[in-house]
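Have a look at my_file33.cif below; it lists mmCIF, C-alpha atoms.
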data_upload
loop_
_atom_site.label_atom_id
_atom_site.label_comp_id
_atom_site.auth_asym_id
_atom_site.auth_seq_id
_atom_site.Cartn_x
_atom_site.Cartn_y
_atom_site.Cartn_z
CA MET A 22 22.22 -54.09 -43.28
CA SER A 23 18.62 -54.71 -44.40
CA ASP A 24 16.01 -51.95 -44.35
CA GLN A 25 13.93 -53.98 -41.89
CA ALA A 26 16.84 -54.42 -39.47
CA LEU A 27 17.65 -50.71 -39.65
CA THR A 28 14.02 -49.74 -39.03
CA GLU A 29 13.92 -51.80 -35.83
CA LEU A 30 16.66 -49.64 -34.28
CA PHE A 31 14.64 -46.41 -34.33
CA ASP A 32 11.50 -45.37 -32.48
CA ASN A 33 9.84 -43.71 -35.47
CA PRO A 34 10.37 -42.98 -39.19
CA ASP A 35 11.59 -39.43 -38.51
CA GLU A 36 14.52 -40.72 -36.45
CA GLN A 37 15.51 -43.17 -39.18
CA ARG A 38 15.17 -40.47 -41.85
CA ALA A 39 17.40 -38.09 -39.89
CA TYR A 40 20.02 -40.80 -39.48
CA GLU A 41 19.96 -41.70 -43.19
CA GLU A 42 20.22 -38.02 -44.18
CA PHE A 43 23.26 -37.62 -41.92
CA CYS A 44 24.99 -40.57 -43.56
CA ALA A 45 24.18 -39.24 -47.03
CA ASN A 46 25.55 -35.80 -46.14
CA GLN A 47 28.74 -37.33 -44.83
CA GLU A 48 29.19 -39.34 -48.02
CA ARG A 49 28.91 -36.12 -50.05
CA GLY A 50 31.85 -34.64 -48.11
CA ASN A 51 35.52 -34.73 -48.95
CA GLN A 52 36.08 -38.17 -47.45
CA PRO A 53 33.97 -41.31 -47.86
CA PHE A 54 31.85 -42.13 -44.84
CA ASN A 55 30.87 -45.71 -44.15
CA LEU A 56 28.98 -46.69 -41.02
CA ASP A 57 28.42 -50.40 -40.53
CA ALA A 58 25.43 -52.00 -38.81
CA PRO A 59 24.47 -49.92 -35.75
CA ALA A 60 25.14 -51.70 -32.44
CA LEU A 61 24.15 -48.91 -30.05
CA VAL A 62 21.79 -45.94 -30.38
CA CYS A 63 21.79 -43.33 -27.60
CA ARG A 64 19.03 -40.70 -27.44
CA TRP A 65 19.85 -37.60 -25.39
CA ARG A 66 17.37 -34.80 -24.78
CA MET A 67 18.39 -31.31 -25.87
CA SER A 68 17.49 -27.77 -24.83
CA LYS A 69 18.42 -24.58 -26.67
CA LYS A 70 20.97 -26.36 -28.91
CA ARG A 71 22.66 -28.01 -25.92
CA VAL A 72 22.55 -31.37 -24.17
CA PRO A 73 22.21 -30.28 -20.51
CA LEU A 74 23.28 -33.69 -19.17
CA LEU A 75 26.14 -34.17 -21.64
CA ASN A 76 28.86 -34.84 -19.05
CA ARG A 77 26.66 -37.39 -17.29
CA HIS A 78 25.81 -39.04 -20.61
CA ILE A 79 29.49 -39.28 -21.54
CA ARG A 80 30.31 -40.87 -18.18
CA ALA A 81 27.53 -43.39 -18.72
CA LEU A 82 28.73 -43.97 -22.28
CA SER A 83 32.17 -44.87 -20.91
CA GLN A 84 30.51 -47.75 -19.02
CA ARG A 85 28.91 -49.19 -22.15
CA VAL A 86 30.34 -51.91 -24.35
CA VAL A 87 29.87 -52.63 -28.05
CA MET A 88 30.27 -56.17 -29.30
CA GLY A 89 31.69 -57.09 -25.91
CA GLU A 90 34.40 -54.43 -25.97
CA PRO A 91 34.55 -51.14 -24.05
CA LEU A 92 34.45 -47.95 -26.07
CA THR A 93 37.83 -46.39 -26.72
CA HIS A 94 39.01 -43.15 -25.15
CA ASN A 95 39.18 -41.67 -28.65
CA ILE A 96 35.51 -42.32 -29.39
CA LEU A 97 34.47 -40.89 -26.00
CA SER A 98 36.53 -37.74 -26.57
CA TRP A 99 35.19 -37.41 -30.09
CA ALA A 100 31.61 -37.78 -28.88
CA LYS A 101 31.91 -35.01 -26.30
CA GLN A 102 33.78 -32.57 -28.52
CA HIS A 103 31.70 -33.28 -31.60
CA VAL A 104 28.42 -32.85 -29.74
CA GLU A 105 29.47 -29.53 -28.23
CA TRP A 106 30.76 -28.16 -31.52
CA SER A 107 28.10 -29.57 -33.84
CA LEU A 108 25.15 -28.43 -31.78
CA THR A 109 26.55 -24.94 -31.37
CA GLU A 110 27.62 -24.44 -34.98
CA GLY A 111 25.24 -26.75 -36.81
CA SER A 112 22.27 -25.69 -38.92
CA TYR A 113 19.11 -27.50 -37.82
CA VAL A 114 15.64 -26.59 -36.62
CA GLU A 115 15.16 -28.93 -33.64
CA HIS A 116 16.92 -26.79 -31.02
CA ASP A 117 14.96 -28.58 -28.29
CA GLY A 118 15.04 -31.98 -29.95
CA VAL A 119 16.85 -35.24 -29.34
CA LEU A 120 20.46 -35.94 -30.23
CA MET A 121 21.04 -39.46 -31.49
CA LEU A 122 24.48 -40.99 -31.18
CA VAL A 123 24.87 -44.12 -33.29
CA ILE A 124 27.83 -46.47 -32.79
CA ASP A 125 28.30 -49.31 -35.25
CA VAL A 126 29.60 -52.83 -34.72
CA ASN A 127 33.15 -51.65 -35.44
CA GLY A 128 33.09 -48.87 -32.85
CA ASN A 129 32.66 -46.06 -35.37
CA ALA A 130 30.18 -43.32 -34.47
CA ALA A 131 27.87 -40.78 -36.06
CA MET A 132 25.34 -38.39 -34.63
CA THR A 133 22.31 -36.48 -35.78
CA VAL A 134 19.43 -34.46 -34.35
CA GLY A 135 15.72 -35.25 -34.53
CA ALA A 136 12.50 -33.83 -33.15
CA TYR A 137 11.44 -34.68 -29.61
CA GLU A 138 8.19 -36.58 -29.24
CA PRO A 139 6.77 -37.08 -25.74
CA LEU A 140 5.47 -40.48 -24.73
CA VAL A 141 1.84 -41.04 -25.65
CA ASP A 142 1.13 -43.92 -23.26
CA THR A 143 2.37 -43.26 -19.73
CA SER A 144 0.46 -46.01 -17.96
CA ALA A 145 2.44 -48.03 -15.45
CA ALA A 146 2.23 -51.07 -17.72
CA ALA A 147 3.56 -49.13 -20.73
CA LEU A 148 6.46 -47.67 -18.75
CA ALA A 149 7.30 -51.13 -17.41
CA ALA A 150 7.36 -52.49 -20.97
CA ARG A 151 9.80 -49.77 -22.07
CA ALA A 152 12.00 -50.49 -19.06
CA GLU A 153 12.00 -54.20 -19.84
CA ALA A 154 13.22 -53.49 -23.39
CA ALA A 155 15.95 -51.28 -21.91
CA ARG A 156 17.00 -54.09 -19.57
CA LEU A 157 17.77 -56.19 -22.64
CA GLU A 158 20.05 -53.40 -23.85
CA GLU A 159 21.64 -53.28 -20.40
CA ALA A 160 22.43 -56.99 -20.67
CA GLU A 161 24.27 -56.38 -23.96
CA ALA A 162 25.75 -52.91 -23.54
CA GLY A 163 26.12 -52.57 -19.76
CA VAL A 164 23.81 -49.58 -19.18
CA ALA A 165 20.03 -49.25 -19.57
CA PRO A 166 18.94 -45.95 -21.18
CA GLU A 167 15.57 -46.14 -19.40
CA VAL A 168 14.93 -47.50 -15.91
CA LEU A 169 11.76 -48.25 -13.97
CA CYS A 170 11.71 -46.83 -10.44
CA CYS A 171 9.27 -46.42 -7.61
CA MET A 172 9.03 -44.49 -4.37
CA ARG A 173 8.21 -46.69 -1.39
CA ASP A 174 7.96 -45.30 2.15
CA GLY A 175 10.31 -42.45 1.28
CA ARG A 176 12.88 -44.72 -0.38
CA LEU A 177 13.79 -44.62 -4.07
CA LEU A 178 13.86 -48.15 -5.54
CA VAL A 179 15.72 -48.44 -8.83
CA ALA A 180 15.53 -51.48 -11.11
CA ALA A 181 19.05 -51.10 -12.49
CA GLY A 182 22.48 -52.55 -12.04
CA GLU A 183 25.68 -50.89 -10.85
CA HIS A 184 26.12 -48.61 -13.87
CA VAL A 185 23.35 -46.09 -14.53
CA CYS A 186 22.38 -43.79 -17.38
CA GLY A 187 23.03 -40.06 -17.25
CA SER A 188 19.49 -39.09 -16.27
CA LEU A 189 19.35 -41.60 -13.45
CA SER A 190 22.61 -40.31 -11.98
CA LEU A 191 20.96 -36.88 -11.74
CA VAL A 192 17.79 -38.32 -10.20
CA GLU A 193 19.80 -40.12 -7.54
CA GLN A 194 21.66 -36.90 -6.76
CA LEU A 195 18.40 -34.97 -6.47
CA ALA A 196 17.05 -37.66 -4.16
CA ALA A 197 20.08 -37.25 -1.92
CA THR A 198 19.30 -33.54 -1.50
CA ARG A 199 16.01 -34.53 0.14
CA GLY A 200 17.53 -37.28 2.25
CA ILE A 201 15.88 -39.99 0.13
CA ALA A 202 17.67 -43.32 0.40
CA VAL A 203 18.38 -45.01 -2.94
CA GLU A 204 18.27 -48.78 -3.32
CA HIS A 205 19.06 -50.75 -6.48
CA VAL A 206 16.83 -53.80 -6.65
CA GLY A 207 16.73 -56.90 -8.82
CA SER A 208 14.09 -57.95 -11.32
CA GLY A 209 12.33 -60.00 -8.67
CA ASP A 210 11.42 -57.04 -6.46
CA ALA A 211 7.74 -56.80 -5.62
CA PHE A 212 7.18 -53.41 -7.27
CA LEU A 213 8.26 -54.82 -10.64
CA LYS A 214 5.76 -57.65 -10.27
CA ASP A 215 2.86 -55.34 -9.47
CA VAL A 216 3.19 -52.34 -11.76
CA HIS A 217 -0.59 -52.05 -11.99
CA SER A 218 -0.94 -51.30 -8.27
CA SER A 219 -2.29 -47.78 -7.72
CA SER A 220 -0.69 -47.74 -4.28
CA ILE A 221 2.87 -47.82 -5.66
CA PRO A 222 4.16 -44.62 -7.34
CA ILE A 223 5.86 -46.01 -10.46
CA PHE A 224 7.92 -43.82 -12.79
CA LEU A 225 10.38 -44.11 -15.65
CA VAL A 226 13.76 -42.39 -15.74
CA SER A 227 14.92 -41.90 -19.32
CA ASP A 228 17.79 -40.15 -21.09
CA GLU A 229 15.29 -39.06 -23.74
CA HIS A 230 12.20 -38.27 -21.67
CA GLY A 231 13.52 -37.38 -18.22
CA VAL A 232 11.33 -38.46 -15.29
CA VAL A 233 7.96 -39.78 -16.46
CA PRO A 234 5.53 -40.67 -13.64
CA ALA A 235 2.93 -43.27 -14.50
CA ARG A 236 -0.35 -41.51 -15.19
CA GLU A 237 -1.76 -43.25 -12.13
CA VAL A 238 0.67 -41.25 -9.96
CA ASP A 239 -0.93 -37.95 -10.99
CA GLU A 240 -4.08 -39.01 -9.15
CA GLU A 241 -2.23 -39.68 -5.88
CA GLN A 242 -1.62 -37.21 -3.09
CA SER A 243 0.61 -39.41 -0.95
CA ASP A 244 4.03 -38.35 0.35
CA ASP A 245 5.68 -40.84 -1.99
CA ALA A 246 3.81 -39.47 -5.02
CA ASN A 247 4.84 -35.94 -4.05
CA LEU A 248 8.49 -37.05 -3.97
CA VAL A 249 8.14 -38.47 -7.47
CA ARG A 250 6.79 -35.12 -8.67
CA PHE A 251 9.72 -33.38 -6.98
CA LEU A 252 12.15 -35.51 -9.00
CA ARG A 253 10.18 -34.95 -12.22
CA ASP A 254 10.13 -31.18 -11.77
CA GLY A 255 13.81 -31.04 -10.80
CA VAL A 256 14.89 -32.76 -14.01
CA ALA A 257 12.38 -30.86 -16.17
CA LYS A 258 13.92 -27.53 -15.15
CA LEU A 259 16.97 -28.38 -17.25
CA PHE A 260 14.85 -28.58 -20.39
CA SER A 261 12.54 -25.61 -19.85
#
Once you've parsed the file, please lay out its structure as structure tokens.
Amino acid sequence: MSDQALTELFDNPDEQRAYEEFCANQERGNQPFNLDAPALVCRWRMSKKRVPLLNRHIRALSQRVVMGEPLTHNILSWAKQHVEWSLTEGSYVEHDGVLMLVIDVNGNAAMTVGAYEPLVDTSAAALAARAEAARLEEAEAGVAPEVLCCMRDGRLLVAAGEHVCGSLSLVEQLAATRGIAVEHVGSGDAFLKDVHSSSIPIFLVSDEHGVVPAREVDEEQSDDANLVRFLRDGVAKLFS
């Protein structure tokens, strides 16, 4: 795989460096380690050397496909057990970082830990652009790791298909505790066409970043905006 193609899979140079160091360390072990071209990269937020939403992430991972094929039970079991053991016993400094799970085109997997970097641009337009990129991944792998949502008249509108990422499953459960109806909408829904509207509380739900309200939402005092902040704070408690 070319250096340029590998670079395109990661959000920043630190993530790519951590991945390359992991592969090099594995190759120095007792058995040769060869990971082919990455087909899927999952980024899961950590807290105190744990992934708080691990079980939800694993359930979402079971709905993903690689090269058109579902992941095997063996790889799912390995992912869960290896994450739990490696994070507890491993030697690394990013205890509140991001765990990256990389699965190659052959269904082989590796994982490593990198530093967490919050989003710099949280405008509605920027969040919508991230969600659009994630929709392309959803079309290939079956699950979007980041989803654009909005709160409209006390209803949670979710721009995602049937299968949802781990963080979104938690958000939908939190919404249910407040009696908030959840509706999955298609790409043609009005809120996706008007992400610049200050009257619509837009937010991103992400396995890496949790609930990220558009910066425009912070200026609102509407009931819908308050519900968005409730969901943000509920998820953030897991990473405090």
Taking the file as I've supplied it (selection: the PyMOL selection byres ((chain A and resi 122) around 9)), which residues are included? Please answer as a PyMOL selection string.
chain A and resi 61-65+100+120-121+123-124+130-134
Evaluate the PyMOL selection byres ((chain A and resi 253-258) around 9) here and jot the selected residues down as number ranges by chain.
A: 188, 191-192, 195, 226, 231-234, 248-252, 259-261
Could you give me, as an MDAnalysis selection string, the residues within 10 Å of Asp142 (chain A), counting all atoms listed in the file and dropping anything in the same chain fewer than 4 positions from it?
chainID A and resid 146:148 235:236
Could those selected residues go to a file with C-alpha atoms, as a PDB file, in the frame of the given file?
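Saved as selection_1.pdb:
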ATOM      1  CA  ALA A 146       2.230 -51.070 -17.720  1.00  0.00           C
ATOM      2  CA  ALA A 147       3.560 -49.130 -20.730  1.00  0.00           C
ATOM      3  CA  LEU A 148       6.460 -47.670 -18.750  1.00  0.00           C
ATOM      4  CA  ALA A 235       2.930 -43.270 -14.500  1.00  0.00           C
ATOM      5  CA  ARG A 236      -0.350 -41.510 -15.190  1.00  0.00           C
TER       6      ARG A 236
END
When distances are computed from all atoms listed in the file, which of A:Gly187, A:Thr198, A:Cys171, A:Ser144 shows the smallest separation from Glu237 (chain A)?
A:Ser144
To one decimal place in Å, what is the distance between CA of Glu161 (chain A) and CA of His184 (chain A)?
12.9 Å
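The residue set within 10 Å of Glu90 (chain A), counting only C-alpha atoms and dropping same-chain residues fewer than 6 places from it, reads A:Asn127, A:Gly128, A:Ala162.
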Once you count all atoms listed in the file, which residues end up no further than 7 Å from (13.3, -32.6, -26.1) in the file's frame, shown as a CSV table (one decimal) with C-alpha atoms, in the coordinates of the input?
chain,number,residue,atom,x,y,z
A,66,ARG,CA,17.4,-34.8,-24.8
A,67,MET,CA,18.4,-31.3,-25.9
A,68,SER,CA,17.5,-27.8,-24.8
A,117,ASP,CA,15.0,-28.6,-28.3
A,118,GLY,CA,15.0,-32.0,-30.0
A,119,VAL,CA,16.8,-35.2,-29.3
A,137,TYR,CA,11.4,-34.7,-29.6
Pick out the residues sitting within 12 Å of Asn129 (chain A), and hand them over as JSON, numbers by chain; count only C-alpha atoms, and ignore anything fewer than 5 positions along from it in its own chain.
{"A": [54, 55, 56, 57, 58, 59, 60, 61, 62, 87, 92, 93, 95, 96, 97, 99, 100, 122, 123, 124]}
Distance in Å - CA of Asp244 (chain A) versus CA of Glu193 (chain A)
17.7 Å
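Here CA of Ala246 (chain A) is placed at a distance of 29.6 Å from CA of Arg80 (chain A).
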Nearest to Ser227 (chain A): which of A:Ala160, A:Ala202, A:Leu74, A:Cys186 is it, counting all atoms listed in the file?
A:Cys186
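The residues returned by the PyMOL selection byres ((chain A and resi 173) around 12) for this structure are A:Cys170, A:Cys171, A:Met172, A:Asp174, A:Gly175, A:Arg176, A:Leu177, A:Leu178, A:Val179, A:Ile201, A:Ala202, A:Val203, A:Glu204, A:Asp210, A:Ala211, A:Phe212, A:Ser220, A:Ile221, A:Pro222, A:Ile223, A:Phe224, A:Ser243, A:Asp244, A:Asp245, A:Ala246, A:Asn247, A:Leu248, A:Val249.
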